[in-house]
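K.L.:
Have a peek at protein_25.cif (mmCIF, C-alpha atoms).
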```cif
data_protein
loop_
_atom_site.label_atom_id
_atom_site.label_comp_id
_atom_site.auth_asym_id
_atom_site.auth_seq_id
_atom_site.Cartn_x
_atom_site.Cartn_y
_atom_site.Cartn_z
CA MET A 1 -106.40 258.04 -113.09
CA ARG A 2 -107.70 254.58 -113.85
CA ARG A 3 -106.58 254.60 -117.38
CA PRO A 4 -102.81 254.71 -117.03
CA ARG A 5 -103.04 251.86 -114.56
CA ARG A 6 -105.02 249.78 -116.99
CA GLU A 7 -102.55 250.58 -119.76
CA PHE A 8 -99.75 249.64 -117.44
CA LEU A 9 -101.39 246.31 -116.56
CA LYS A 10 -101.97 245.62 -120.22
CA LEU A 11 -98.31 246.29 -120.89
CA VAL A 12 -97.25 244.03 -118.01
CA SER A 13 -99.49 241.22 -119.24
CA LEU A 14 -98.05 241.60 -122.74
CA ILE A 15 -94.54 241.38 -121.38
CA LEU A 16 -95.46 238.34 -119.30
CA ALA A 17 -97.10 236.73 -122.30
CA ALA A 18 -93.97 237.38 -124.36
CA GLU A 19 -91.86 235.76 -121.66
CA LEU A 20 -94.12 232.74 -121.51
CA VAL A 21 -94.27 232.14 -125.25
CA PRO A 22 -92.31 228.95 -125.84
CA ALA A 23 -89.65 228.54 -128.51
CA GLY A 24 -92.42 228.95 -131.08
CA SER A 25 -92.08 232.72 -131.08
CA ALA A 26 -90.21 234.42 -133.88
CA LEU A 27 -87.82 236.10 -131.45
CA ALA A 28 -84.18 235.20 -131.90
CA GLU A 29 -82.25 233.91 -128.92
CA GLU A 30 -79.61 235.86 -127.09
CA TRP A 31 -76.04 234.74 -127.69
CA ASN A 32 -74.78 233.00 -124.54
CA LYS A 33 -71.52 234.89 -124.07
CA PRO A 34 -70.36 233.17 -120.83
CA ALA A 35 -70.83 229.75 -122.42
CA PHE A 36 -68.90 230.64 -125.57
CA ALA A 37 -66.13 232.31 -123.53
CA ALA A 38 -65.71 229.31 -121.19
CA LYS A 39 -62.34 227.56 -121.50
CA LYS A 40 -63.02 224.55 -119.28
CA LEU A 41 -65.76 222.00 -119.80
CA ASP A 42 -66.94 222.33 -116.18
CA ASP A 43 -67.40 226.10 -116.56
CA LEU A 44 -69.12 225.51 -119.86
CA TYR A 45 -71.57 223.01 -118.39
CA LYS A 46 -72.34 225.55 -115.68
CA ALA A 47 -72.95 228.31 -118.23
CA LEU A 48 -75.33 226.02 -120.11
CA GLY A 49 -77.13 225.01 -116.91
CA ALA A 50 -76.08 221.42 -117.53
CA ASN A 51 -75.75 219.61 -114.22
CA ALA A 52 -73.72 216.41 -114.39
CA PRO A 53 -74.62 215.24 -117.90
CA GLN A 54 -74.87 211.46 -118.30
CA GLN A 55 -73.36 209.48 -121.13
CA SER A 56 -76.11 207.96 -123.26
CA ASP A 57 -76.12 205.67 -126.29
CA GLN A 58 -79.30 207.46 -127.37
CA VAL A 59 -77.15 210.45 -128.27
CA VAL A 60 -75.16 209.89 -131.44
CA LEU A 61 -72.28 211.95 -132.76
CA ILE A 62 -71.10 210.97 -136.23
CA GLY A 63 -67.85 212.35 -137.61
CA PRO A 64 -64.68 211.22 -139.34
CA GLU A 65 -62.10 209.09 -137.48
CA ILE A 66 -59.40 211.28 -138.96
CA ALA A 67 -59.93 214.82 -140.18
CA GLU A 68 -57.23 215.81 -142.65
CA ASN A 69 -58.25 219.44 -142.47
CA GLY A 70 -59.18 220.72 -139.00
CA ALA A 71 -60.78 223.79 -140.59
CA VAL A 72 -63.64 221.74 -142.00
CA VAL A 73 -64.73 218.76 -139.93
CA PRO A 74 -68.21 217.50 -140.87
CA LEU A 75 -70.36 216.40 -137.93
CA GLU A 76 -73.78 214.82 -137.70
CA LEU A 77 -75.69 215.32 -134.45
CA GLU A 78 -78.51 212.99 -133.51
CA SER A 79 -80.55 212.30 -130.43
CA LYS A 80 -83.05 209.46 -130.11
CA LEU A 81 -84.21 210.74 -126.72
CA PRO A 82 -87.87 211.81 -126.81
CA ASN A 83 -88.44 215.57 -126.63
CA THR A 84 -84.84 216.55 -127.26
CA GLU A 85 -84.91 220.32 -126.95
CA MET A 86 -81.25 221.24 -127.31
CA LEU A 87 -78.07 219.96 -128.95
CA ALA A 88 -74.61 221.46 -128.39
CA ILE A 89 -71.17 220.72 -129.84
CA LEU A 90 -68.21 220.85 -127.45
CA ILE A 91 -64.66 220.47 -128.77
CA GLU A 92 -62.45 219.73 -125.77
CA LYS A 93 -59.13 221.19 -126.90
CA ASN A 94 -60.34 224.21 -128.85
CA PRO A 95 -59.46 227.54 -127.17
CA ASN A 96 -63.17 227.85 -126.34
CA PRO A 97 -64.77 224.40 -126.40
CA LEU A 98 -68.33 225.47 -127.24
CA ALA A 99 -68.86 225.50 -131.00
CA ALA A 100 -72.64 225.65 -131.33
CA VAL A 101 -75.95 225.36 -129.50
CA PHE A 102 -79.08 224.37 -131.41
CA THR A 103 -82.50 224.88 -129.81
CA LEU A 104 -85.14 222.56 -131.19
CA PRO A 105 -88.81 223.47 -130.77
CA ALA A 106 -91.38 220.63 -130.81
CA GLY A 107 -91.68 219.31 -134.36
CA THR A 108 -88.02 219.81 -135.22
CA LEU A 109 -86.06 216.55 -135.39
CA ALA A 110 -82.88 216.07 -133.38
CA ASP A 111 -80.87 215.45 -136.53
CA ILE A 112 -78.51 218.22 -137.56
CA GLN A 113 -75.41 218.39 -139.70
CA THR A 114 -72.78 221.09 -139.72
CA ARG A 115 -69.04 221.65 -140.11
CA VAL A 116 -66.65 222.78 -137.39
CA LYS A 117 -63.05 223.80 -136.85
CA MET A 118 -60.76 221.74 -134.64
CA ALA A 119 -57.41 223.00 -133.35
CA GLU A 120 -56.01 219.54 -132.63
CA THR A 121 -56.85 215.89 -132.03
CA CYS A 122 -59.29 215.61 -129.13
CA ASN A 123 -62.64 214.43 -127.89
CA VAL A 124 -65.72 216.02 -129.33
CA TYR A 125 -68.86 215.93 -127.22
CA LEU A 126 -72.46 216.15 -128.30
CA LEU A 127 -74.53 217.44 -125.41
CA ALA A 128 -78.30 216.88 -125.56
CA LYS A 129 -81.04 218.19 -123.32
CA ALA A 130 -84.23 216.16 -123.11
CA GLY A 131 -86.96 216.29 -120.51
CA GLY A 132 -84.94 218.85 -118.55
CA LYS A 133 -81.92 216.51 -118.22
CA PHE A 134 -78.57 216.55 -119.96
CA TYR A 135 -76.94 213.63 -121.77
CA TYR A 136 -73.87 213.34 -123.93
CA ALA A 137 -71.94 211.29 -126.44
CA ALA A 138 -68.18 211.53 -126.98
CA LYS A 139 -66.05 210.77 -130.00
CA GLU A 140 -62.34 211.23 -130.53
CA ILE A 141 -61.46 212.83 -133.84
CA LYS A 142 -57.85 212.89 -134.98
CA VAL A 143 -56.75 216.05 -136.73
CA THR A 144 -53.84 215.98 -139.16
CA LEU A 145 -53.78 219.75 -139.80
CA GLY A 146 -55.25 222.11 -137.19
CA GLY A 147 -57.93 224.58 -138.17
CA CYS A 148 -57.23 227.52 -135.90
CA GLY A 149 -53.65 228.54 -136.63
CA GLY A 150 -52.63 230.87 -139.39
CA MET B 1 -75.26 242.06 -145.71
CA GLY B 2 -73.05 239.36 -147.14
CA ASN B 3 -73.89 237.20 -150.12
CA PRO B 4 -77.22 235.35 -150.37
CA MET B 5 -77.54 231.99 -148.66
CA LYS B 6 -78.00 228.88 -150.75
CA ILE B 7 -81.03 227.05 -149.40
CA ARG B 8 -82.20 223.64 -150.62
CA THR B 9 -85.26 221.80 -149.36
CA LYS B 10 -86.51 218.26 -149.80
CA LEU B 11 -89.96 217.21 -148.63
CA ASP B 12 -90.59 213.64 -147.54
CA GLY B 13 -94.15 213.19 -146.26
CA ASP B 14 -94.56 216.15 -143.93
CA VAL B 15 -90.89 216.20 -142.91
CA VAL B 16 -88.72 218.65 -144.76
CA LEU B 17 -84.93 218.49 -144.95
CA VAL B 18 -83.46 221.98 -145.15
CA ARG B 19 -79.85 222.47 -146.19
CA VAL B 20 -78.29 225.89 -146.06
CA LEU B 21 -74.91 227.26 -147.06
CA MET B 22 -74.09 230.73 -145.76
CA SER B 23 -71.38 233.08 -146.91
CA HIS B 24 -69.27 234.36 -144.01
CA VAL B 25 -65.56 234.50 -143.10
CA MET B 26 -66.14 233.13 -139.55
CA GLU B 27 -62.86 234.65 -138.35
CA THR B 28 -61.73 233.15 -135.01
CA GLY B 29 -59.72 236.10 -133.69
CA LEU B 30 -56.70 233.80 -133.32
CA ARG B 31 -55.24 234.02 -136.81
CA LYS B 32 -52.49 236.45 -137.72
CA THR B 33 -51.68 238.35 -140.87
CA PRO B 34 -48.28 237.66 -142.50
CA GLU B 35 -47.14 240.82 -140.63
CA GLY B 36 -48.00 239.17 -137.33
CA GLU B 37 -51.07 241.23 -136.48
CA LEU B 38 -54.10 239.47 -135.05
CA ILE B 39 -57.12 239.39 -137.31
CA PRO B 40 -60.11 240.33 -135.10
CA ALA B 41 -62.83 237.77 -134.48
CA TYR B 42 -65.82 238.13 -136.78
CA PHE B 43 -68.43 235.41 -136.97
CA ILE B 44 -72.15 234.58 -137.13
CA GLN B 45 -73.56 234.43 -133.59
CA THR B 46 -77.23 233.60 -133.98
CA VAL B 47 -79.30 231.85 -136.60
CA ASN B 48 -83.08 231.73 -136.61
CA VAL B 49 -85.28 229.71 -138.94
CA THR B 50 -89.02 230.31 -139.22
CA TYR B 51 -91.84 228.56 -141.04
CA LYS B 52 -95.15 230.44 -141.18
CA ASP B 53 -93.89 232.83 -138.45
CA ARG B 54 -93.10 229.90 -136.14
CA THR B 55 -89.49 229.30 -135.12
CA VAL B 56 -88.43 225.82 -136.22
CA LEU B 57 -84.76 226.15 -135.28
CA SER B 58 -82.61 228.63 -133.43
CA ALA B 59 -78.88 228.34 -133.09
CA GLN B 60 -76.03 230.11 -131.36
CA TRP B 61 -72.63 229.77 -132.94
CA GLY B 62 -69.08 230.47 -131.90
CA PRO B 63 -66.14 231.04 -134.26
CA ALA B 64 -65.48 227.27 -134.35
CA ILE B 65 -68.16 226.87 -137.01
CA SER B 66 -66.31 226.55 -140.32
CA ARG B 67 -65.94 229.40 -142.78
CA ASN B 68 -68.97 229.64 -145.10
CA PRO B 69 -71.13 227.70 -142.64
CA TYR B 70 -73.15 224.69 -143.70
CA MET B 71 -76.10 223.36 -141.73
CA SER B 72 -78.86 220.89 -142.37
CA PHE B 73 -81.88 220.09 -140.22
CA LYS B 74 -85.37 218.58 -140.45
CA PHE B 75 -88.77 219.60 -139.15
CA ARG B 76 -92.31 218.22 -139.30
CA GLY B 77 -95.50 219.88 -140.46
CA ALA B 78 -94.12 221.34 -143.67
CA ALA B 79 -96.07 221.62 -146.91
CA ARG B 80 -94.99 222.09 -150.51
CA GLY B 81 -95.16 225.69 -151.72
CA GLU B 82 -94.74 227.20 -148.24
CA LYS B 83 -91.66 229.19 -147.34
CA VAL B 84 -88.79 228.71 -144.94
CA LYS B 85 -87.11 231.90 -143.77
CA ILE B 86 -83.54 231.86 -142.43
CA SER B 87 -81.82 234.79 -140.70
CA TRP B 88 -78.38 235.25 -139.17
CA VAL B 89 -76.82 238.01 -137.11
CA ASP B 90 -73.03 238.27 -136.76
CA SER B 91 -70.71 239.65 -134.09
CA LYS B 92 -70.70 243.13 -135.69
CA GLY B 93 -74.50 243.23 -135.72
CA ASP B 94 -74.64 242.70 -139.47
CA SER B 95 -77.46 240.42 -140.57
CA ARG B 96 -78.97 238.69 -143.52
CA THR B 97 -82.31 237.01 -144.21
CA ASP B 98 -83.15 234.72 -147.11
CA GLU B 99 -86.08 232.48 -147.84
CA ALA B 100 -86.79 229.43 -149.93
CA THR B 101 -89.95 227.76 -151.13
CA ILE B 102 -90.33 224.15 -150.05
CA GLU B 103 -90.16 221.80 -153.02
#
```
Could you quickly redo this structure as C-alpha coordinates?
P.N.:
Amino acid sequence: MRRPRREFLKLVSLILAAELVPAGSALAEEWNKPAFAAKKLDDLYKALGANAPQQSDQVVLIGPEIAENGAVVPLELESKLPNTEMLAILIEKNPNPLAAVFTLPAGTLADIQTRVKMAETCNVYLLAKAGGKFYYAAKEIKVTLGGCGG
Amino acid sequence: MGNPMKIRTKLDGDVVLVRVLMSHVMETGLRKTPEGELIPAYFIQTVNVTYKDRTVLSAQWGPAISRNPYMSFKFRGAARGEKVKISWVDSKGDSRTDEATIE
(Lines of atoms letter the chains of each structure in order from A and count residues from 1; the text may use other names and numbers.)
(Lines give C-alpha, C1' and ligand atoms only; values in the text may rest on other atoms or scores of the structure.)
Protein backbone atom coordinates (compact mmCIF):
# COMPACT_ATOMS: atom_id res chain seq x y z
CA MET A 1 0.00 0.00 0.00
CA ARG A 2 2.95 2.29 0.52
CA ARG A 3 4.06 2.17 -3.02
CA PRO A 4 1.18 3.86 -4.82
CA ARG A 5 1.36 6.67 -2.29
CA ARG A 6 5.04 7.15 -2.96
CA GLU A 7 4.41 7.10 -6.70
CA PHE A 8 1.66 9.61 -6.21
CA LEU A 9 3.91 11.91 -4.17
CA LYS A 10 6.60 11.62 -6.79
CA LEU A 11 4.09 12.59 -9.44
CA VAL A 12 2.87 15.54 -7.37
CA SER A 13 6.42 16.75 -6.81
CA LEU A 14 7.11 16.47 -10.53
CA ILE A 15 4.04 18.51 -11.32
CA LEU A 16 5.00 21.10 -8.72
CA ALA A 17 8.52 21.23 -10.10
CA ALA A 18 7.13 21.74 -13.60
CA GLU A 19 4.97 24.59 -12.33
CA LEU A 20 7.90 26.21 -10.59
CA VAL A 21 10.30 26.02 -13.52
CA PRO A 22 10.75 29.59 -14.69
CA ALA A 23 10.52 30.69 -18.31
CA GLY A 24 13.64 28.63 -18.96
CA SER A 25 11.62 25.49 -19.61
CA ALA A 26 11.01 24.37 -23.16
CA LEU A 27 7.24 24.43 -22.68
CA ALA A 28 5.37 26.80 -24.94
CA GLU A 29 3.03 29.32 -23.39
CA GLU A 30 -0.72 29.14 -23.57
CA TRP A 31 -2.37 31.65 -25.90
CA ASN A 32 -4.11 34.29 -23.77
CA LYS A 33 -7.53 34.21 -25.41
CA PRO A 34 -9.27 36.81 -23.16
CA ALA A 35 -6.47 39.30 -23.79
CA PHE A 36 -6.55 38.85 -27.57
CA ALA A 37 -10.37 39.02 -27.61
CA ALA A 38 -10.50 42.24 -25.54
CA LYS A 39 -11.86 45.25 -27.43
CA LYS A 40 -11.16 47.95 -24.86
CA LEU A 41 -7.75 48.83 -23.47
CA ASP A 42 -9.03 48.63 -19.87
CA ASP A 43 -10.29 45.06 -20.40
CA LEU A 44 -7.04 44.22 -22.10
CA TYR A 45 -4.93 45.54 -19.23
CA LYS A 46 -7.05 43.44 -16.88
CA ALA A 47 -6.56 40.31 -18.99
CA LEU A 48 -2.80 40.90 -18.95
CA GLY A 49 -2.79 41.52 -15.19
CA ALA A 50 -1.49 45.02 -15.84
CA ASN A 51 -2.64 47.32 -13.06
CA ALA A 52 -2.45 51.02 -13.92
CA PRO A 53 0.62 51.01 -16.18
CA GLN A 54 2.79 54.12 -15.91
CA GLN A 55 4.18 56.05 -18.84
CA SER A 56 7.98 55.74 -18.89
CA ASP A 57 10.70 57.22 -21.11
CA GLN A 58 12.65 54.01 -20.47
CA VAL A 59 10.21 52.22 -22.77
CA VAL A 60 10.79 53.08 -26.41
CA LEU A 61 8.51 52.37 -29.34
CA ILE A 62 10.01 53.15 -32.73
CA GLY A 63 7.83 53.19 -35.83
CA PRO A 64 7.07 55.32 -38.87
CA GLU A 65 5.28 58.68 -38.49
CA ILE A 66 3.15 57.75 -41.47
CA ALA A 67 2.50 54.21 -42.62
CA GLU A 68 1.48 54.15 -46.26
CA ASN A 69 0.37 50.55 -46.00
CA GLY A 70 -1.44 49.61 -42.79
CA ALA A 71 -0.93 45.92 -43.59
CA VAL A 72 2.79 46.16 -42.93
CA VAL A 73 3.86 48.62 -40.25
CA PRO A 74 7.39 47.97 -38.96
CA LEU A 75 7.83 48.46 -35.21
CA GLU A 76 10.85 48.31 -32.94
CA LEU A 77 10.21 47.57 -29.27
CA GLU A 78 12.78 48.48 -26.66
CA SER A 79 12.88 48.69 -22.90
CA LYS A 80 15.79 50.08 -20.91
CA LEU A 81 14.18 49.03 -17.64
CA PRO A 82 16.27 46.41 -15.82
CA ASN A 83 14.80 42.89 -15.82
CA THR A 84 12.16 43.58 -18.45
CA GLU A 85 10.26 40.30 -18.62
CA MET A 86 7.46 41.11 -21.05
CA LEU A 87 6.72 43.40 -23.99
CA ALA A 88 3.29 43.76 -25.62
CA ILE A 89 2.02 45.72 -28.62
CA LEU A 90 -1.40 47.39 -28.29
CA ILE A 91 -2.99 49.11 -31.29
CA GLU A 92 -5.79 51.28 -29.94
CA LYS A 93 -8.19 51.33 -32.88
CA ASN A 94 -7.73 47.80 -34.19
CA PRO A 95 -10.83 45.60 -33.70
CA ASN A 96 -8.82 43.77 -31.02
CA PRO A 97 -6.04 46.04 -29.76
CA LEU A 98 -3.61 43.33 -28.62
CA ALA A 99 -1.23 42.41 -31.44
CA ALA A 100 1.52 40.50 -29.64
CA VAL A 101 2.98 39.55 -26.28
CA PHE A 102 6.66 38.65 -26.01
CA THR A 103 7.95 36.93 -22.87
CA LEU A 104 11.64 37.50 -22.26
CA PRO A 105 13.54 35.11 -20.01
CA ALA A 106 16.70 36.41 -18.28
CA GLY A 107 19.44 36.81 -20.89
CA THR A 108 17.11 37.89 -23.67
CA LEU A 109 17.37 41.60 -24.49
CA ALA A 110 14.30 43.82 -24.52
CA ASP A 111 14.89 44.73 -28.15
CA ILE A 112 12.48 43.21 -30.65
CA GLN A 113 11.37 44.11 -34.14
CA THR A 114 8.27 42.95 -35.94
CA ARG A 115 5.60 44.10 -38.39
CA VAL A 116 1.94 44.68 -37.59
CA LYS A 117 -1.35 45.53 -39.26
CA MET A 118 -3.17 48.75 -38.44
CA ALA A 119 -6.79 49.41 -39.37
CA GLU A 120 -6.52 53.19 -39.13
CA THR A 121 -4.53 56.10 -37.72
CA CYS A 122 -4.25 55.73 -33.95
CA ASN A 123 -2.02 55.45 -30.93
CA VAL A 124 0.16 52.40 -30.62
CA TYR A 125 1.26 51.42 -27.14
CA LEU A 126 4.26 49.40 -26.07
CA LEU A 127 3.54 47.83 -22.71
CA ALA A 128 6.52 46.57 -20.69
CA LYS A 129 6.61 44.56 -17.49
CA ALA A 130 9.69 44.91 -15.32
CA GLY A 131 10.14 44.00 -11.67
CA GLY A 132 6.46 43.04 -11.49
CA LYS A 133 5.29 46.51 -12.59
CA PHE A 134 3.86 47.70 -15.87
CA TYR A 135 5.07 50.69 -17.90
CA TYR A 136 4.23 51.97 -21.35
CA ALA A 137 5.20 54.20 -24.22
CA ALA A 138 2.74 55.61 -26.77
CA LYS A 139 3.23 56.72 -30.34
CA GLU A 140 0.70 57.92 -32.88
CA ILE A 141 1.11 56.34 -36.30
CA LYS A 142 -0.83 57.74 -39.23
CA VAL A 143 -2.16 55.18 -41.67
CA THR A 144 -2.85 56.15 -45.27
CA LEU A 145 -4.33 52.78 -46.30
CA GLY A 146 -5.82 50.50 -43.63
CA GLY A 147 -4.58 46.95 -43.26
CA CYS A 148 -7.68 45.11 -42.13
CA GLY A 149 -10.28 45.73 -44.84
CA GLY A 150 -10.61 43.68 -47.97
CA MET B 1 3.30 22.47 -42.10
CA GLY B 2 3.80 25.59 -44.17
CA ASN B 3 7.01 26.57 -45.89
CA PRO B 4 10.35 26.63 -44.05
CA MET B 5 11.24 29.71 -42.05
CA LYS B 6 14.15 31.85 -43.13
CA ILE B 7 16.41 32.29 -40.12
CA ARG B 8 19.49 34.52 -40.06
CA THR B 9 21.83 34.95 -37.11
CA LYS B 10 24.61 37.39 -36.35
CA LEU B 11 26.89 36.94 -33.35
CA ASP B 12 28.44 39.96 -31.67
CA GLY B 13 30.45 38.94 -28.59
CA ASP B 14 28.08 36.58 -26.81
CA VAL B 15 24.95 38.39 -27.99
CA VAL B 16 23.27 36.92 -31.02
CA LEU B 17 20.79 38.76 -33.25
CA VAL B 18 18.23 36.34 -34.65
CA ARG B 19 16.04 37.39 -37.55
CA VAL B 20 13.25 35.14 -38.73
CA LEU B 21 10.78 35.31 -41.58
CA MET B 22 7.87 32.89 -41.39
CA SER B 23 5.48 31.87 -44.12
CA HIS B 24 1.85 32.23 -43.05
CA VAL B 25 -1.31 33.96 -44.36
CA MET B 26 -2.16 35.51 -40.94
CA GLU B 27 -5.81 35.89 -41.94
CA THR B 28 -7.68 38.29 -39.62
CA GLY B 29 -11.19 36.87 -40.00
CA LEU B 30 -12.41 40.31 -41.08
CA ARG B 31 -11.67 40.19 -44.79
CA LYS B 32 -14.24 39.16 -47.35
CA THR B 33 -14.02 37.32 -50.63
CA PRO B 34 -15.20 39.19 -53.77
CA GLU B 35 -18.49 37.28 -53.24
CA GLY B 36 -18.88 38.91 -49.84
CA GLU B 37 -18.16 35.86 -47.70
CA LEU B 38 -15.98 36.26 -44.63
CA ILE B 39 -12.62 34.55 -44.83
CA PRO B 40 -12.16 32.75 -41.47
CA ALA B 41 -9.38 33.85 -39.15
CA TYR B 42 -6.23 31.78 -39.44
CA PHE B 43 -3.01 32.92 -37.82
CA ILE B 44 0.06 31.92 -35.81
CA GLN B 45 -0.78 32.02 -32.09
CA THR B 46 2.39 31.01 -30.29
CA VAL B 47 6.07 31.13 -31.10
CA ASN B 48 8.77 29.50 -29.01
CA VAL B 49 12.51 29.86 -29.47
CA THR B 50 14.99 27.58 -27.72
CA TYR B 51 18.77 27.50 -27.45
CA LYS B 52 20.27 24.32 -25.98
CA ASP B 53 16.79 23.29 -24.71
CA ARG B 54 16.38 26.61 -22.88
CA THR B 55 13.60 28.96 -23.95
CA VAL B 56 15.09 32.28 -25.02
CA LEU B 57 11.86 33.84 -26.29
CA SER B 58 8.20 32.97 -26.26
CA ALA B 59 5.55 34.99 -28.00
CA GLN B 60 1.79 35.05 -28.36
CA TRP B 61 0.42 36.62 -31.49
CA GLY B 62 -2.95 37.82 -32.68
CA PRO B 63 -4.01 38.25 -36.31
CA ALA B 64 -2.63 41.82 -36.29
CA ILE B 65 0.85 40.49 -36.95
CA SER B 66 1.49 41.04 -40.67
CA ARG B 67 1.20 38.29 -43.26
CA ASN B 68 4.46 36.29 -43.53
CA PRO B 69 5.56 37.43 -40.07
CA TYR B 70 8.97 38.95 -39.46
CA MET B 71 10.60 39.10 -36.05
CA SER B 72 14.04 39.89 -34.75
CA PHE B 73 15.37 39.58 -31.21
CA LYS B 74 18.65 39.26 -29.30
CA PHE B 75 19.85 37.05 -26.48
CA ARG B 76 23.05 36.61 -24.48
CA GLY B 77 25.12 33.50 -23.89
CA ALA B 78 25.19 32.29 -27.48
CA ALA B 79 28.16 30.60 -29.11
CA ARG B 80 29.11 30.05 -32.74
CA GLY B 81 28.18 26.63 -34.08
CA GLU B 82 25.30 26.11 -31.63
CA LYS B 83 21.72 25.93 -32.83
CA VAL B 84 18.65 28.08 -32.37
CA LYS B 85 15.35 26.27 -32.73
CA ILE B 86 12.15 28.16 -33.58
CA SER B 87 8.63 26.70 -33.46
CA TRP B 88 5.20 28.13 -34.15
CA VAL B 89 1.69 26.80 -33.64
CA ASP B 90 -1.26 28.36 -35.47
CA SER B 91 -4.98 28.68 -34.72
CA LYS B 92 -5.77 25.37 -36.47
CA GLY B 93 -3.14 23.55 -34.42
CA ASP B 94 -0.78 23.29 -37.37
CA SER B 95 2.85 23.80 -36.44
CA ARG B 96 6.31 24.10 -37.84
CA THR B 97 9.81 23.92 -36.36
CA ASP B 98 13.04 25.04 -38.00
CA GLU B 99 16.53 25.52 -36.72
CA ALA B 100 19.60 27.49 -37.68
CA THR B 101 23.24 27.30 -36.73
CA ILE B 102 24.64 30.46 -35.18
CA GLU B 103 27.22 32.08 -37.43
K.L.:
Could you tell me which residues the PyMOL selection byres ((chain A) within 10 of (chain B)) grabs in this file, written as a ChimeraX atom specification?
P.N.:
/A:22-33,35-37,70-77,86-91,94-119,147-150
K.L.:
Could you write out as a PyMOL selection string the residues that the PyMOL selection byres ((chain A and resi 128-144) around 8) matches in the shown file?
P.N.:
chain A and resi 50-57+59-61+63-70+79+81-88+118-127+145-146
K.L.:
Might you spell out which residues the PyMOL selection byres ((chain B and resi 92) around 9) would select in the displayed file, as a PyMOL selection string?
P.N.:
chain B and resi 42-44+89-91+93-95
K.L.:
What is the atom CA of A:Lys93 to atom CA of A:Asp42 distance in Å?
P.N.:
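Computed distance, atom CA of A:Lys93 to atom CA of A:Asp42, equals 13.3 Å.
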K.L.:
In Å, with one decimal, what is the gap from atom CA of B:Lys83 to atom CA of B:Met22?
P.N.:
17.7 Å
K.L.:
Just checking: using all atoms listed in the file, which residue out of B:Asn3, B:Val84, B:Val25, B:Gly13 ends up closest to B:Arg96?
P.N.:
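Smallest distance to B:Arg96 is found for B:Asn3.
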K.L.:
Figure out the distance between atom CA of B:Leu11 and atom CA of B:Ile86, please, to one decimal in Å.
P.N.:
17.2 Å
